[in-house]
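Here's query08.json, which has JSON, C-alpha atoms:
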[["chain", "number", "residue", "atom", "x", "y", "z"],
["A", 1, "MET", "CA", 0.00, 0.00, 0.00],
["A", 2, "SER", "CA", 1.32, 3.45, -0.87],
["A", 3, "VAL", "CA", 0.63, 6.70, 0.91],
["A", 4, "TYR", "CA", 0.27, 10.27, -0.34],
["A", 5, "LYS", "CA", 1.09, 13.05, 2.08],
["A", 6, "SER", "CA", -0.02, 16.61, 1.33],
["A", 7, "ASN", "CA", 1.59, 19.66, 2.90],
["A", 8, "TYR", "CA", -0.44, 22.81, 3.48],
["A", 9, "CYS", "CA", 0.74, 26.31, 4.25],
["A", 10, "PRO", "CA", 0.00, 27.11, 7.92],
["A", 11, "HIS", "CA", -0.78, 30.74, 6.98],
["A", 12, "CYS", "CA", -3.03, 30.61, 3.89],
["A", 13, "ASN", "CA", -3.98, 26.90, 4.06],
["A", 14, "GLU", "CA", -3.16, 26.31, 0.37],
["A", 15, "MET", "CA", -1.82, 22.89, -0.63],
["A", 16, "ILE", "CA", 1.90, 23.31, -1.30],
["A", 17, "GLU", "CA", 2.95, 19.81, -2.33],
["A", 18, "THR", "CA", 1.91, 16.18, -2.30],
["A", 19, "LYS", "CA", 4.54, 13.55, -1.68],
["A", 20, "PHE", "CA", 4.24, 9.93, -2.71],
["A", 21, "LYS", "CA", 5.61, 7.56, -0.07],
["A", 22, "LYS", "CA", 6.09, 3.84, -0.53],
["A", 23, "ASN", "CA", 6.11, 1.37, 2.32],
["A", 24, "THR", "CA", 9.83, 0.64, 2.24],
["A", 25, "ILE", "CA", 12.72, 0.35, 4.67],
["A", 26, "LYS", "CA", 14.07, 3.82, 5.35],
["A", 27, "THR", "CA", 17.69, 4.56, 4.50],
["A", 28, "ASN", "CA", 19.67, 7.74, 4.67],
["A", 29, "SER", "CA", 18.06, 8.89, 1.43],
["A", 30, "ASN", "CA", 15.28, 10.23, 3.63],
["A", 31, "LYS", "CA", 17.45, 11.43, 6.46],
["A", 32, "ASN", "CA", 15.46, 14.66, 6.71],
["A", 33, "PHE", "CA", 18.34, 16.88, 7.83],
["A", 34, "GLY", "CA", 18.79, 20.33, 6.38],
["A", 35, "ASN", "CA", 17.15, 23.72, 6.28],
["A", 36, "PRO", "CA", 13.54, 23.39, 7.52],
["A", 37, "LEU", "CA", 12.66, 26.94, 6.51],
["A", 38, "ARG", "CA", 10.33, 27.09, 3.50],
["A", 39, "GLU", "CA", 8.43, 29.87, 1.76],
["A", 40, "CYS", "CA", 4.86, 29.42, 0.63],
["A", 41, "PRO", "CA", 4.57, 30.03, -3.14],
["A", 42, "TYR", "CA", 1.09, 31.53, -2.66],
["A", 43, "CYS", "CA", 1.32, 33.93, 0.29],
["A", 44, "LYS", "CA", 5.15, 34.22, 0.33],
["A", 45, "LYS", "CA", 5.26, 33.75, 4.13],
["A", 46, "SER", "CA", 7.87, 31.56, 5.83],
["A", 47, "TYR", "CA", 6.93, 28.33, 7.56],
["A", 48, "LEU", "CA", 8.77, 25.33, 9.02],
["A", 49, "ASP", "CA", 8.72, 22.06, 7.12],
["A", 50, "ASP", "CA", 8.11, 19.55, 9.93],
["A", 51, "SER", "CA", 9.70, 16.73, 7.91],
["A", 52, "VAL", "CA", 13.14, 18.45, 7.92],
["A", 53, "GLN", "CA", 15.26, 19.14, 11.01],
["A", 54, "GLU", "CA", 18.40, 21.10, 11.80],
["A", 55, "PRO", "CA", 20.67, 18.49, 13.43],
["A", 56, "ALA", "CA", 22.60, 21.05, 15.51],
["A", 57, "LEU", "CA", 19.35, 21.98, 17.25],
["A", 58, "LEU", "CA", 18.51, 18.38, 18.26],
["A", 59, "SER", "CA", 19.40, 16.96, 21.65],
["A", 60, "PRO", "CA", 22.25, 14.41, 21.59],
["A", 61, "SER", "CA", 19.85, 11.54, 22.28],
["A", 62, "ASN", "CA", 17.51, 12.47, 19.39],
["A", 63, "LEU", "CA", 20.47, 12.96, 17.06],
["A", 64, "LEU", "CA", 21.95, 9.61, 18.05],
["A", 65, "LEU", "CA", 18.60, 7.87, 17.51],
["A", 66, "LYS", "CA", 18.45, 9.25, 13.94],
["A", 67, "GLY", "CA", 21.97, 7.97, 13.23],
["A", 68, "LEU", "CA", 21.34, 4.57, 14.80],
["A", 69, "SER", "CA", 18.07, 4.11, 12.93],
["A", 70, "SER", "CA", 19.92, 4.74, 9.66],
["A", 71, "ALA", "CA", 22.60, 2.16, 10.49],
["A", 72, "PHE", "CA", 20.06, -0.31, 11.89],
["A", 73, "SER", "CA", 17.88, -0.20, 8.79],
["A", 74, "THR", "CA", 20.95, -0.86, 6.61],
["A", 75, "ILE", "CA", 21.99, -3.85, 8.73],
["A", 76, "ALA", "CA", 18.45, -5.23, 9.01],
["A", 77, "SER", "CA", 17.84, -5.13, 5.27],
["A", 78, "SER", "CA", 21.26, -6.73, 4.64],
["A", 79, "VAL", "CA", 20.62, -9.57, 7.08],
["A", 80, "LEU", "CA", 17.16, -10.20, 5.63],
["A", 81, "LEU", "CA", 18.58, -10.36, 2.12],
["A", 82, "SER", "CA", 21.35, -12.71, 3.35],
["A", 83, "ILE", "CA", 18.84, -15.08, 4.93],
["A", 84, "LEU", "CA", 16.77, -15.21, 1.75],
["A", 85, "LEU", "CA", 19.76, -15.71, -0.54],
["A", 86, "GLY", "CA", 21.57, -18.07, 1.84],
["A", 87, "SER", "CA", 18.61, -20.41, 2.24],
["A", 88, "TYR", "CA", 18.04, -20.40, -1.53],
["A", 89, "VAL", "CA", 21.71, -21.23, -2.21],
["A", 90, "ALA", "CA", 21.57, -23.96, 0.47],
["A", 91, "ARG", "CA", 18.55, -25.51, -1.28],
["A", 92, "ILE", "CA", 20.34, -25.45, -4.62],
["A", 93, "MET", "CA", 23.56, -26.92, -3.20],
["A", 94, "SER", "CA", 21.71, -29.69, -1.37],
["A", 95, "GLY", "CA", 19.65, -30.52, -4.43],
["A", 96, "ASN", "CA", 16.52, -30.29, -2.31],
["A", 97, "MET", "CA", 14.29, -27.50, -3.62],
["A", 98, "ASN", "CA", 11.44, -28.13, -1.18],
["A", 99, "MET", "CA", 10.92, -25.80, 1.75],
["A", 100, "GLU", "CA", 12.87, -27.90, 4.29],
["A", 101, "VAL", "CA", 16.56, -27.03, 4.47],
["A", 102, "ASP", "CA", 19.17, -28.26, 6.92],
["A", 103, "ASP", "CA", 19.84, -25.35, 9.32],
["A", 104, "ALA", "CA", 23.57, -26.02, 9.49],
["A", 105, "ALA", "CA", 23.85, -26.00, 5.70],
["A", 106, "ALA", "CA", 21.90, -22.76, 5.45],
["A", 107, "ILE", "CA", 24.01, -21.05, 8.12],
["A", 108, "LYS", "CA", 27.18, -21.92, 6.16],
["A", 109, "PHE", "CA", 25.86, -19.71, 3.38],
["A", 110, "ILE", "CA", 23.94, -17.10, 5.38],
["A", 111, "ALA", "CA", 26.79, -15.97, 7.66],
["A", 112, "PRO", "CA", 29.31, -15.11, 4.91],
["A", 113, "LEU", "CA", 26.57, -13.56, 2.78],
["A", 114, "ALA", "CA", 25.48, -11.39, 5.71],
["A", 115, "ILE", "CA", 29.01, -10.05, 6.12],
["A", 116, "VAL", "CA", 29.54, -9.39, 2.42],
["A", 117, "ILE", "CA", 26.10, -7.86, 1.78],
["A", 118, "THR", "CA", 26.28, -5.66, 4.90],
["A", 119, "ALA", "CA", 29.73, -4.38, 3.91],
["A", 120, "ALA", "CA", 28.50, -3.68, 0.38],
["A", 121, "ALA", "CA", 25.36, -1.98, 1.71],
["A", 122, "PHE", "CA", 27.42, 0.34, 3.92],
["A", 123, "LYS", "CA", 29.55, 1.25, 0.89],
["A", 124, "VAL", "CA", 26.52, 1.96, -1.31],
["A", 125, "ILE", "CA", 23.98, 3.38, 1.15],
["A", 126, "LYS", "CA", 26.44, 5.22, 3.45],
["A", 127, "PRO", "CA", 24.58, 5.73, 6.73],
["A", 128, "MET", "CA", 24.56, 9.23, 8.14],
["A", 129, "ASN", "CA", 27.78, 10.93, 9.10],
["A", 130, "LEU", "CA", 26.39, 12.81, 12.08],
["A", 131, "LYS", "CA", 29.53, 14.86, 12.62],
["A", 132, "SER", "CA", 29.40, 16.39, 9.13],
["A", 133, "GLU", "CA", 25.63, 16.89, 9.35],
["A", 134, "VAL", "CA", 26.02, 18.84, 12.62],
["A", 135, "SER", "CA", 28.90, 20.94, 11.29],
["A", 136, "GLU", "CA", 26.88, 21.86, 8.16],
["A", 137, "SER", "CA", 23.96, 22.74, 10.41],
["A", 138, "LEU", "CA", 26.15, 24.95, 12.63],
["A", 139, "GLU", "CA", 27.36, 26.79, 9.52],
["A", 140, "ARG", "CA", 23.73, 27.54, 8.57],
["A", 141, "LEU", "CA", 23.00, 28.66, 12.13],
["A", 142, "ASN", "CA", 25.84, 31.21, 12.02],
["A", 143, "ASP", "CA", 23.43, 33.37, 10.02],
["A", 144, "GLN", "CA", 21.66, 35.20, 12.87],
["A", 145, "GLU", "CA", 18.71, 36.20, 10.68],
["A", 146, "TYR", "CA", 18.07, 32.55, 9.79],
["A", 147, "LEU", "CA", 18.25, 31.53, 13.45],
["A", 148, "LYS", "CA", 15.89, 34.34, 14.53],
["A", 149, "THR", "CA", 13.37, 33.23, 11.90],
["A", 150, "LEU", "CA", 13.55, 29.60, 13.09],
["A", 151, "VAL", "CA", 13.02, 30.62, 16.74],
["A", 152, "ARG", "CA", 10.20, 33.01, 15.79],
["A", 153, "LEU", "CA", 8.35, 30.21, 13.97],
["A", 154, "ASN", "CA", 8.95, 27.62, 16.70],
["A", 155, "LYS", "CA", 10.13, 28.77, 20.12],
["A", 156, "ASP", "CA", 10.99, 25.19, 21.19],
["A", 157, "ILE", "CA", 13.18, 24.40, 18.17],
["A", 158, "VAL", "CA", 16.46, 24.51, 20.17],
["A", 159, "GLN", "CA", 16.49, 21.35, 22.29],
["A", 160, "PRO", "CA", 18.40, 21.30, 25.60],
["A", 161, "GLY", "CA", 21.92, 19.92, 25.27],
["A", 162, "SER", "CA", 22.03, 20.44, 21.50],
["A", 163, "ALA", "CA", 25.32, 21.28, 19.77],
["A", 164, "TYR", "CA", 24.10, 24.85, 19.16],
["A", 165, "ASP", "CA", 23.02, 25.20, 22.80],
["A", 166, "LYS", "CA", 26.50, 24.13, 23.97],
["A", 167, "ILE", "CA", 28.27, 26.57, 21.62],
["A", 168, "LYS", "CA", 25.92, 29.39, 22.64],
["A", 169, "SER", "CA", 26.57, 28.78, 26.35],
["A", 170, "LYS", "CA", 30.39, 28.94, 25.82],
["A", 171, "LYS", "CA", 30.14, 32.46, 24.34]]

Can the structure from this file be put into structure tokens for me?
Amino acid sequence: MSVYKSNYCPHCNEMIETKFKKNTIKTNSNKNFGNPLRECPYCKKSYLDDSVQEPALLSPSNLLLKGLSSAFSTIASSVLLSILLGSYVARIMSGNMNMEVDDAAAIKFIAPLAIVITAAAFKVIKPMNLKSEVSESLERLNDQEYLKTLVRLNKDIVQPGSAYDKIKSKK
């Protein structure tokens, strides 16, 4: 089943965009980090896109959860693919194409496949590099006008313990 999600301007209530979302495992392609500030094409007022977050404004625990979920989804999809391929190869090698496969024979194929596929997945998918995401976010936040606009639109956008909060308290 697929889902369509429509975004509306909070000021003029016009539909801005409709996104098509499939039911798939999330990877870093939808990491949702970046500039959450958007401008409505109809009323030209600024609003916050709730699907995008500034990583430097997130608390360390929320930031870590985003990074771990990216890595976990990569590992989970790799292991699932390894189990499917490994059991299929075990059936072929044993000459028994019915659904019953010797567990020991399947594990001989699944374990090496899991390692190889996971390594390849991390090369291709590249889970989030949180350090670079936060540094890019801090560069955007150096613009005081941008930061004032973010705070004006959402007073609770700076989470306690965030990277920006720590830098601000050192000044």

Using only C-alpha atoms, which of the listed residues (A:Leu57, A:Cys12, A:Ile110, A:Ala104) sits closest to Tyr88 in chain A?
-> A:Ile110

In Å and to one decimal, CA of Pro36 in chain A is distant from CA of Ser169 in chain A by 23.5 Å

Please write as a PyMOL selection string the list of polymer residues whose atoms come within 12 Å of (10.8, 27.2, 9.1), counting only C-alpha atoms and keeping to the coordinates of the file.
-> chain A and resi 9-10+34-40+45-54+146-155+157

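Take the candidates A:Thr74, A:Leu85, A:Asp156, A:Arg91 and check each one against Val124 in chain A using all atoms listed in the file; the shortest distance goes to A:Thr74.
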
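Using only C-alpha atoms, the nearest neighbour of Val158 in chain A within the list A:Ala56, A:Ile16, A:Thr118, A:Pro112 is A:Ala56.
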
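One distance worth recording is that between CA of Ala76 in chain A and CA of Ala114 in chain A, which is 9.9 Å.
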
For the atom pair CA of Ser94 in chain A and CA of Ala111 in chain A, what is the interatomic distance in Å to one decimal place?
-> 17.2 Å
